[in-house]
Each structure stands twice: as structure tokens, then as C-alpha cells.
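Engineer: See data_5.pdb below, with PDB, C-alpha atoms.
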MODEL        1
ATOM      1  CA  TRP A 281     -73.113  11.531  46.512
ATOM      2  CA  ARG A 282     -73.101  10.589  50.145
ATOM      3  CA  CYS A 283     -75.815  13.153  50.880
ATOM      4  CA  TRP A 284     -77.907  11.731  48.055
ATOM      5  CA  LEU A 285     -77.400   8.046  48.911
ATOM      6  CA  LYS A 286     -77.909   8.378  52.667
ATOM      7  CA  PRO A 287     -81.685   9.102  52.602
ATOM      8  CA  HIS A 288     -82.283   6.306  50.105
ATOM      9  CA  PHE A 289     -80.394   3.509  51.812
ATOM     10  CA  LYS A 290     -80.594   2.621  55.399
ATOM     11  CA  GLU A 291     -77.588   1.177  57.068
ATOM     12  CA  THR A 292     -78.368  -2.303  58.295
ATOM     13  CA  PRO A 293     -76.574  -3.272  61.460
ATOM     14  CA  PRO A 294     -74.468  -6.467  61.258
ATOM     15  CA  ARG A 295     -76.450  -9.613  61.977
ATOM     16  CA  PRO A 296     -75.535 -11.181  65.247
ATOM     17  CA  SER A 297     -74.039 -14.653  64.966
ATOM     18  CA  THR A 298     -76.562 -17.407  65.472
ATOM     19  CA  ILE A 299     -73.882 -19.825  66.546
ATOM     20  CA  LYS A 300     -74.010 -20.384  70.234
ATOM     21  CA  LYS A 301     -70.685 -20.747  71.879
ATOM     22  CA  ARG A 302     -70.483 -23.680  74.163
ATOM     23  CA  PRO A 303     -68.143 -23.900  77.123
ATOM     24  CA  THR A 304     -65.295 -26.310  76.996
ATOM     25  CA  MET A 305     -65.763 -29.890  78.152
ATOM     26  CA  ALA A 306     -63.803 -29.350  81.346
ATOM     27  CA  ARG A 307     -65.859 -26.301  82.332
ATOM     28  CA  GLU A 308     -69.173 -27.977  81.588
ATOM     29  CA  VAL A 309     -68.247 -31.093  83.539
ATOM     30  CA  ALA A 310     -67.090 -28.929  86.442
ATOM     31  CA  ALA A 311     -70.329 -26.937  86.299
ATOM     32  CA  ARG A 312     -72.335 -30.139  86.513
ATOM     33  CA  GLY A 313     -70.415 -31.332  89.526
ATOM     34  CA  GLY A 314     -68.486 -34.130  87.804
ATOM     35  CA  GLY A 315     -65.421 -35.678  89.324
ATOM     36  CA  GLY A 316     -66.657 -38.469  91.544
ATOM     37  CA  ARG A 317     -67.186 -42.093  90.678
ATOM     38  CA  GLY A 318     -70.957 -41.740  90.949
ATOM     39  CA  SER A 319     -71.048 -38.939  88.400
ATOM     40  CA  SER A 320     -68.777 -40.584  85.815
ATOM     41  CA  GLY A 321     -71.749 -41.463  83.611
ATOM     42  CA  GLY A 322     -73.068 -37.906  83.670
ATOM     43  CA  ALA A 323     -69.618 -36.523  82.934
ATOM     44  CA  ALA A 324     -69.254 -38.842  79.945
ATOM     45  CA  ALA A 325     -72.691 -37.851  78.645
ATOM     46  CA  ALA A 326     -71.852 -34.190  79.078
ATOM     47  CA  GLY A 327     -68.581 -34.680  77.253
ATOM     48  CA  TRP A 328     -70.277 -36.350  74.284
ATOM     49  CA  GLU A 329     -72.885 -33.580  74.218
ATOM     50  CA  VAL A 330     -70.143 -30.964  74.026
ATOM     51  CA  VAL A 331     -68.373 -32.880  71.260
ATOM     52  CA  LEU A 332     -71.540 -33.161  69.194
ATOM     53  CA  THR A 333     -72.394 -29.512  69.763
ATOM     54  CA  ASN A 334     -68.925 -28.406  68.700
ATOM     55  CA  ALA A 335     -69.182 -30.600  65.618
ATOM     56  CA  GLY A 336     -72.517 -29.021  64.728
ATOM     57  CA  ASP A 337     -71.049 -25.558  65.230
ATOM     58  CA  SER A 338     -68.126 -26.440  62.953
ATOM     59  CA  LEU A 339     -70.512 -27.620  60.234
ATOM     60  CA  GLU A 340     -72.554 -24.435  60.589
ATOM     61  CA  GLN A 341     -69.423 -22.324  60.252
ATOM     62  CA  ALA A 342     -68.395 -24.308  57.173
ATOM     63  CA  ARG A 343     -71.842 -23.789  55.666
ATOM     64  CA  ARG A 344     -71.592 -20.024  56.213
ATOM     65  CA  HIS A 345     -68.080 -19.781  54.789
ATOM     66  CA  PRO A 346     -67.930 -17.413  51.797
ATOM     67  CA  VAL A 347     -66.534 -20.141  49.534
ATOM     68  CA  ALA A 348     -69.348 -22.527  50.490
ATOM     69  CA  VAL A 349     -71.948 -19.793  50.034
ATOM     70  CA  ALA A 350     -70.568 -18.898  46.611
ATOM     71  CA  ALA A 351     -70.520 -22.555  45.571
ATOM     72  CA  ALA A 352     -74.120 -23.014  46.707
ATOM     73  CA  GLU A 353     -75.188 -19.956  44.733
ATOM     74  CA  GLN A 354     -73.443 -21.233  41.618
ATOM     75  CA  ILE A 355     -75.146 -24.609  41.961
ATOM     76  CA  GLN A 356     -78.534 -22.950  42.403
ATOM     77  CA  ARG A 357     -78.034 -21.045  39.155
ATOM     78  CA  LEU A 358     -77.522 -24.284  37.251
ATOM     79  CA  PRO A 359     -80.442 -26.036  35.567
ATOM     80  CA  ARG A 360     -82.017 -29.081  37.158
ATOM     81  CA  GLY A 361     -79.827 -31.545  35.284
ATOM     82  CA  GLY A 362     -76.687 -29.582  36.088
ATOM     83  CA  GLN A 363     -77.540 -29.548  39.785
ATOM     84  CA  LEU A 364     -77.994 -33.312  39.806
ATOM     85  CA  LEU A 365     -74.686 -33.761  37.994
ATOM     86  CA  ALA A 366     -72.899 -31.467  40.430
ATOM     87  CA  VAL A 367     -74.340 -33.347  43.399
ATOM     88  CA  ALA A 368     -73.303 -36.664  41.829
ATOM     89  CA  VAL A 369     -69.750 -35.413  41.240
ATOM     90  CA  CYS A 370     -69.484 -34.118  44.800
ATOM     91  CA  GLY A 371     -70.829 -37.413  46.150
ATOM     92  CA  ALA A 372     -68.318 -39.401  44.082
ATOM     93  CA  LEU A 373     -65.500 -37.168  45.316
ATOM     94  CA  VAL A 374     -66.528 -37.569  48.954
ATOM     95  CA  PHE A 375     -66.873 -41.336  48.494
ATOM     96  CA  SER A 376     -63.391 -41.538  46.952
ATOM     97  CA  LEU A 377     -61.873 -39.556  49.801
ATOM     98  CA  LEU A 378     -63.593 -41.698  52.415
ATOM     99  CA  SER A 379     -62.511 -44.896  50.649
ATOM    100  CA  ALA A 380     -58.909 -43.720  50.515
ATOM    101  CA  LEU A 381     -59.036 -42.785  54.192
ATOM    102  CA  LEU A 382     -60.508 -46.152  55.185
ATOM    103  CA  ASN A 383     -57.909 -48.008  53.108
ATOM    104  CA  ALA A 384     -55.125 -46.032  54.743
ATOM    105  CA  LEU A 385     -56.502 -46.790  58.198
ATOM    106  CA  TYR A 386     -56.846 -50.473  57.295
ATOM    107  CA  MET A 387     -53.250 -50.670  56.084
ATOM    108  CA  LEU A 388     -52.083 -48.880  59.219
ATOM    109  CA  ALA A 389     -54.008 -51.296  61.443
ATOM    110  CA  MET A 390     -52.644 -54.305  59.541
ATOM    111  CA  THR A 391     -49.094 -53.000  59.767
ATOM    112  CA  LEU A 392     -49.343 -52.292  63.479
ATOM    113  CA  SER A 393     -50.934 -55.672  64.200
ATOM    114  CA  PHE A 394     -48.231 -57.427  62.176
ATOM    115  CA  VAL A 395     -45.405 -55.556  63.890
ATOM    116  CA  PHE A 396     -46.673 -55.958  67.434
ATOM    117  CA  GLY A 397     -47.932 -59.494  66.800
ATOM    118  CA  GLY A 398     -44.594 -60.506  65.315
ATOM    119  CA  ALA A 399     -42.735 -58.965  68.228
ATOM    120  CA  TYR A 400     -44.937 -60.810  70.709
ATOM    121  CA  MET A 401     -44.563 -64.117  68.859
ATOM    122  CA  ALA A 402     -40.803 -63.622  68.699
ATOM    123  CA  SER A 403     -40.624 -63.058  72.434
ATOM    124  CA  LYS A 404     -42.646 -66.249  73.067
ATOM    125  CA  ALA A 405     -40.880 -68.520  70.569
ATOM    126  CA  PRO A 406     -39.732 -71.784  72.209
ATOM    127  CA  SER A 407     -36.056 -72.628  72.399
ATOM    128  CA  LYS A 408     -34.435 -75.363  70.348
ATOM    129  CA  GLU A 409     -33.587 -77.264  73.526
ATOM    130  CA  SER A 410     -37.282 -77.591  74.378
ATOM    131  CA  PHE A 411     -38.076 -79.531  71.217
ATOM    132  CA  GLU A 412     -36.686 -82.919  72.266
ATOM    133  CA  PRO A 413     -38.900 -83.253  75.395
ATOM    134  CA  ALA A 414     -41.907 -82.169  73.321
ATOM    135  CA  PHE A 415     -41.019 -84.688  70.604
ATOM    136  CA  GLU A 416     -40.670 -87.465  73.174
ATOM    137  CA  ARG A 417     -44.093 -86.700  74.608
ATOM    138  CA  TRP A 418     -45.638 -86.721  71.131
ATOM    139  CA  PHE A 419     -43.867 -89.958  70.215
ATOM    140  CA  LEU A 420     -45.014 -91.799  73.344
ATOM    141  CA  GLU A 421     -48.586 -90.485  73.337
ATOM    142  CA  ASP A 422     -49.455 -90.252  69.634
ATOM    143  CA  TYR A 423     -47.002 -91.995  67.363
ATOM    144  CA  TYR A 424     -46.003 -95.176  69.198
ATOM    145  CA  PRO A 425     -49.557 -96.371  70.034
ATOM    146  CA  LYS A 426     -50.350 -96.337  66.309
ATOM    147  CA  VAL A 427     -47.231 -98.210  65.190
ATOM    148  CA  ALA A 428     -47.131-100.640  68.133
ATOM    149  CA  PRO A 429     -49.534-103.155  66.481
ATOM    150  CA  LYS A 430     -47.211-103.297  63.467
ATOM    151  CA  LEU A 431     -44.200-103.766  65.714
ATOM    152  CA  GLU A 432     -45.844-106.837  67.218
ATOM    153  CA  GLN A 433     -44.983-108.699  64.073
ATOM    154  CA  ALA A 434     -42.124-111.079  64.708
ATOM    155  CA  SER A 435     -39.894-109.742  61.928
ATOM    156  CA  LEU A 436     -40.150-106.071  62.917
ATOM    157  CA  MET A 437     -39.840-106.779  66.635
ATOM    158  CA  GLY A 438     -36.794-108.915  65.982
ATOM    159  CA  LYS A 439     -35.148-106.071  64.078
ATOM    160  CA  LEU A 440     -35.863-103.654  66.898
ATOM    161  CA  GLU A 441     -34.462-106.056  69.500
ATOM    162  CA  GLN A 442     -31.419-106.583  67.291
ATOM    163  CA  TRP A 443     -30.778-102.848  67.151
ATOM    164  CA  LEU A 444     -31.310-102.225  70.874
ATOM    165  CA  GLY A 445     -30.027-105.489  72.280
ATOM    166  CA  VAL A 446     -32.928-105.719  74.757
ATOM    167  CA  ASN A 447     -36.306-107.436  74.987
ATOM    168  CA  THR A 448     -38.578-104.709  73.649
ATOM    169  CA  ARG A 449     -41.731-106.646  74.584
ATOM    170  CA  GLN A 450     -40.847-106.076  78.226
ATOM    171  CA  SER A 451     -39.222-102.658  77.851
ATOM    172  CA  GLY A 452     -42.167-100.885  76.224
ATOM    173  CA  ALA A 453     -42.302 -97.621  74.337
ATOM    174  CA  SER A 454     -39.330 -95.967  76.059
ATOM    175  CA  TRP A 455     -36.853 -98.259  74.292
ATOM    176  CA  ALA A 456     -38.592 -97.679  70.977
ATOM    177  CA  TYR A 457     -38.273 -93.942  71.534
ATOM    178  CA  ARG A 458     -34.556 -94.309  72.249
ATOM    179  CA  PHE A 459     -34.165 -96.132  68.950
ATOM    180  CA  TRP A 460     -36.086 -93.537  66.897
ATOM    181  CA  ALA A 461     -34.474 -90.591  68.684
ATOM    182  CA  SER A 462     -30.964 -91.905  68.002
ATOM    183  CA  ARG A 463     -31.725 -91.819  64.281
ATOM    184  CA  CYS A 464     -34.193 -88.907  63.892
ATOM    185  CA  LEU A 465     -32.769 -86.296  66.214
ATOM    186  CA  PRO A 466     -31.565 -83.605  66.232
ATOM    187  CA  ALA A 467     -34.316 -82.113  64.154
ATOM    188  CA  GLY A 468     -33.850 -79.415  61.587
ATOM    189  CA  ILE A 469     -35.153 -76.275  63.305
ATOM    190  CA  SER A 470     -35.510 -72.940  61.598
ATOM    191  CA  ASP A 471     -37.606 -69.793  61.659
ATOM    192  CA  TRP A 472     -40.681 -69.668  59.506
ATOM    193  CA  LEU A 473     -40.104 -67.257  56.634
ATOM    194  CA  PRO A 474     -43.409 -66.574  54.838
ATOM    195  CA  THR A 475     -43.441 -64.761  51.523
ATOM    196  CA  VAL A 476     -44.750 -61.440  52.767
ATOM    197  CA  SER A 477     -43.784 -58.352  50.780
ATOM    198  CA  ALA A 478     -44.632 -55.057  52.415
ATOM    199  CA  TRP A 479     -46.106 -52.372  50.177
ATOM    200  CA  GLY A 480     -45.668 -54.595  47.130
ATOM    201  CA  SER A 481     -41.870 -54.530  47.188
ATOM    202  CA  ALA A 482     -40.102 -57.766  46.329
ATOM    203  CA  HIS A 483     -37.133 -56.847  48.518
ATOM    204  CA  SER A 484     -39.026 -56.073  51.721
ATOM    205  CA  ASP A 485     -39.811 -59.538  53.046
ATOM    206  CA  ARG A 486     -40.622 -59.719  56.746
ATOM    207  CA  ARG A 487     -39.848 -62.668  58.976
ATOM    208  CA  LEU A 488     -42.490 -63.980  61.306
ATOM    209  CA  LEU A 489     -40.615 -65.609  64.169
ATOM    210  CA  VAL A 490     -42.311 -68.975  64.504
ATOM    211  CA  LYS A 491     -40.099 -72.016  64.938
ATOM    212  CA  ILE A 492     -40.402 -74.887  62.471
ATOM    213  CA  ALA A 493     -38.927 -78.323  63.256
ATOM    214  CA  ARG A 494     -38.751 -81.121  60.678
ATOM    215  CA  VAL A 495     -38.100 -84.727  61.639
ATOM    216  CA  ASN A 496     -37.655 -87.694  59.307
ATOM    217  CA  LEU A 497     -39.164 -90.790  60.943
ATOM    218  CA  GLY A 498     -38.146 -92.897  57.994
ATOM    219  CA  THR A 499     -35.007 -93.161  55.891
ATOM    220  CA  GLN A 500     -33.506 -91.107  53.132
ATOM    221  CA  ALA A 501     -34.759 -93.596  50.567
ATOM    222  CA  SER A 502     -38.240 -93.807  52.114
ATOM    223  CA  PRO A 503     -38.728 -90.647  54.190
ATOM    224  CA  VAL A 504     -41.532 -89.918  56.632
ATOM    225  CA  MET A 505     -41.261 -86.174  57.130
ATOM    226  CA  VAL A 506     -43.097 -84.734  60.115
ATOM    227  CA  THR A 507     -43.310 -80.990  60.744
ATOM    228  CA  PHE A 508     -43.764 -79.340  64.130
ATOM    229  CA  VAL A 509     -44.598 -75.704  64.841
ATOM    230  CA  GLY A 510     -43.191 -73.870  67.841
ATOM    231  CA  ALA A 511     -45.027 -70.809  69.116
ATOM    232  CA  LEU A 512     -45.969 -69.306  72.477
ATOM    233  CA  ASN A 513     -43.430 -71.552  74.260
ATOM    234  CA  PHE A 514     -45.173 -74.663  72.931
ATOM    235  CA  TRP A 515     -44.467 -77.276  70.252
ATOM    236  CA  MET A 516     -47.286 -78.913  68.332
ATOM    237  CA  LEU A 517     -47.801 -80.957  65.209
ATOM    238  CA  ALA A 518     -48.275 -78.748  62.179
ATOM    239  CA  PRO A 519     -51.782 -78.603  60.710
ATOM    240  CA  ARG A 520     -52.589 -80.751  57.678
ATOM    241  CA  VAL A 521     -49.662 -83.081  58.276
ATOM    242  CA  SER A 522     -50.218 -86.579  56.931
ATOM    243  CA  ILE A 523     -48.095 -89.306  58.557
ATOM    244  CA  ASP A 524     -47.619 -92.715  57.010
ATOM    245  CA  PHE A 525     -47.702 -94.960  60.086
ATOM    246  CA  SER A 526     -47.192 -98.024  57.918
ATOM    247  CA  ASN A 527     -43.747 -96.832  56.824
ATOM    248  CA  LEU A 528     -41.308 -98.465  59.268
ATOM    249  CA  SER A 529     -38.352 -98.484  56.937
ATOM    250  CA  ILE A 530     -36.218 -97.115  59.766
ATOM    251  CA  LEU A 531     -36.155-100.644  61.225
ATOM    252  CA  ASP A 532     -34.457-102.010  58.147
ATOM    253  CA  ALA A 533     -30.916-102.995  59.082
ATOM    254  CA  LYS A 534     -29.754-101.976  55.613
ATOM    255  CA  ALA A 535     -31.250 -98.500  55.867
ATOM    256  CA  THR A 536     -28.874 -95.611  55.662
ATOM    257  CA  VAL A 537     -28.701 -93.923  59.059
TER     258      VAL A 537
ENDMDL
END
Here is the file; what I need is its structure written in the form of C-alpha cells.
Structural biologist:
Amino acid sequence: WRCWLKPHFKETPPRPSTIKKRPTMAREVAARGGGGRGSSGGAAAAGWEVVLTNAGDSLEQARRHPVAVAAAEQIQRLPRGGQLLAVAVCGALVFSLLSALLNALYMLAMTLSFVFGGAYMASKAPSKESFEPAFERWFLEDYYPKVAPKLEQASLMGKLEQWLGVNTRQSGASWAYRFWASRCLPAGISDWLPTVSAWGSAHSDRRLLVKIARVNLGTQASPVMVTFVGALNFWMLAPRVSIDFSNLSILDAKATV
């Protein structure tokens, strides 16, 4: 059989590989004389060229893989409609894989940003002792100028002078602050605990360390709750806080202190 088959079939030598092997990035950069500051741009370009070339070589190897070749032959044997359906199914599969990968990367980025951001915010959270000076500055600069015209009324000014035992018209805002601080402070300070459940679990709440201080500028019967936020070693008035500057029930001598 061998003697009969040998004249009829010629042995074909193996086809040489058409994939060109590229040197590694380090060798190519060294061959181009990279290493100095002036050649950093050329080294980077050479590195990207090597990466792209290696990626193209990997795709070429994948295309020539026996499994890929067999799959391509099977698809070519299908009718026109079957080929379109196969391409559509493959495209949907690739899209699903890419979507899952992007979602996983997004969740990883969100988790890392939350962890590192929370750690940074926790390290920069202001102390409880720093709230009273911040509250005094806010009271003298923002709150008192808006309630001062109402305090000019004889009845309210008389109540304030009765409480303090001084002439508040001559003492100014500092005595008013002493009166409010004696009844509003210390503030209720706590950590902000948002309802954040990781991975959809109801028992995996995470605490974002931002200080929250609540002060009642009124009375228990007629409260004026003001919320302050402490972050990055700084206290500020919470956003969307509405203050009733007309409520001066704290000056009522019958108010519960």
C-alpha cells in the first residue's frame, strides 16, 4: 500500500507559521536606546506598539485554533439564515459577557471608593469639643443678626435682660449667645448612619463616619431644631435646613428649660 500511495500523493512540507514573533517590550526599548528622559516618549510608543502587536498575534493564534477553525467550518455549512442566527447568538453572548464584566468592575469601583472614602472621612471627622466654637461663630454671624430686630421689641428685650441680669442693649450679641448656649448646649452629636445595605443584605449596613449635631433653639413645646454636619474637620449647617427665626419661645420665662 505504501508503494502504491507514494507515487500518487506528494508529501507537502509543513507550512511555516505566518505569525511573526516580536521581541519583548524590554528588549525592544533597549534596542531603540530608551532609558533617558528625552526618550521616554519613544519608549512609551514602542511599548504600546509591542502590546498591540502581541494582541494581534494572540487573536491570530485564536483564529487558527482547531476549535475555532472547526466552528467556522460548521457555520459556513449552514444556510444563510442559520449563519445570521449563529452570528446573532454569538453577538448576544459576547454582549452579555461584556455587560457582566462591566457591572462587576463598576461594583468593585463603587465598593473601593466607598471603603477608602469612608476611611478618609472617618479620619477627618471633627471632634465633639470643636462643635461649640463652631456653633458660637454661626450664632454670632448668621443667627443673631436675623433675630436681633425682633429682640429690639421692649417685651423680648426685657425678658432677655431679666434672664441675664445685664443691659443687653449695651452688651451686644455675646450676652445673647451666653443665654442661648446655656439652654441649647450641649448638642446631641452622633455619627450619621445611612441606610446602605451592601450586596442587597438587610444585615450588612455600613456606617459612614460623618458627625451630625442637633440643637434645639426653641423649647420642647415649640422646638426650633437645627442640624449641623461635621466633616473634614469642619462644622457647617446641614443643607435644606429651614430655620424659623420668628420663633423666640426660648425667651419665655415659663418655658421648660
Engineer: Find the residues near Ala366 (chain A): any atom within 12 Å, counting only C-alpha atoms, skip ones fewer than 3 places away on the same chain, and give them as a ChimeraX atom specification.
Structural biologist: /A:351-352,354-363,369-373
Engineer: Export, as a tab-separated table (two decimals), keeping the file's coordinate frame, the selected residues with C-alpha atoms.
Structural biologist:
chain	number	residue	atom	x	y	z
A	351	ALA	CA	-70.52	-22.56	45.57
A	352	ALA	CA	-74.12	-23.01	46.71
A	354	GLN	CA	-73.44	-21.23	41.62
A	355	ILE	CA	-75.15	-24.61	41.96
A	356	GLN	CA	-78.53	-22.95	42.40
A	357	ARG	CA	-78.03	-21.04	39.16
A	358	LEU	CA	-77.52	-24.28	37.25
A	359	PRO	CA	-80.44	-26.04	35.57
A	360	ARG	CA	-82.02	-29.08	37.16
A	361	GLY	CA	-79.83	-31.54	35.28
A	362	GLY	CA	-76.69	-29.58	36.09
A	363	GLN	CA	-77.54	-29.55	39.78
A	369	VAL	CA	-69.75	-35.41	41.24
A	370	CYS	CA	-69.48	-34.12	44.80
A	371	GLY	CA	-70.83	-37.41	46.15
A	372	ALA	CA	-68.32	-39.40	44.08
A	373	LEU	CA	-65.50	-37.17	45.32
Engineer: Give me, as a PyMOL selection string, all polymer residues having an atom no more than 12 Å from region 411-424 of chain A, counting only C-alpha atoms and skipping those fewer than 5 positions away in the same chain.
Structural biologist: chain A and resi 405-406+429-432+452-462+464-470+491-495+497+506-511+513-517+523-526+528
Engineer: Expressed in Å to a single decimal, how great is the separation between CA of Ala501 (chain A) and CA of Ile530 (chain A)?
Structural biologist: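 Straight-line distance from CA of Ala501 (chain A) to CA of Ile530 (chain A) works out to 10.0 Å.
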Engineer: Between CA of Leu531 (chain A) and CA of Arg463 (chain A), what distance in Å does the model show, to one decimal?
Structural biologist: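 Separation of CA of Leu531 (chain A) and CA of Arg463 (chain A): 10.3 Å.
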Engineer: So how many Å separate CA of Phe394 (chain A) and CA of Trp472 (chain A), to one decimal?
Structural biologist: 14.6 Å
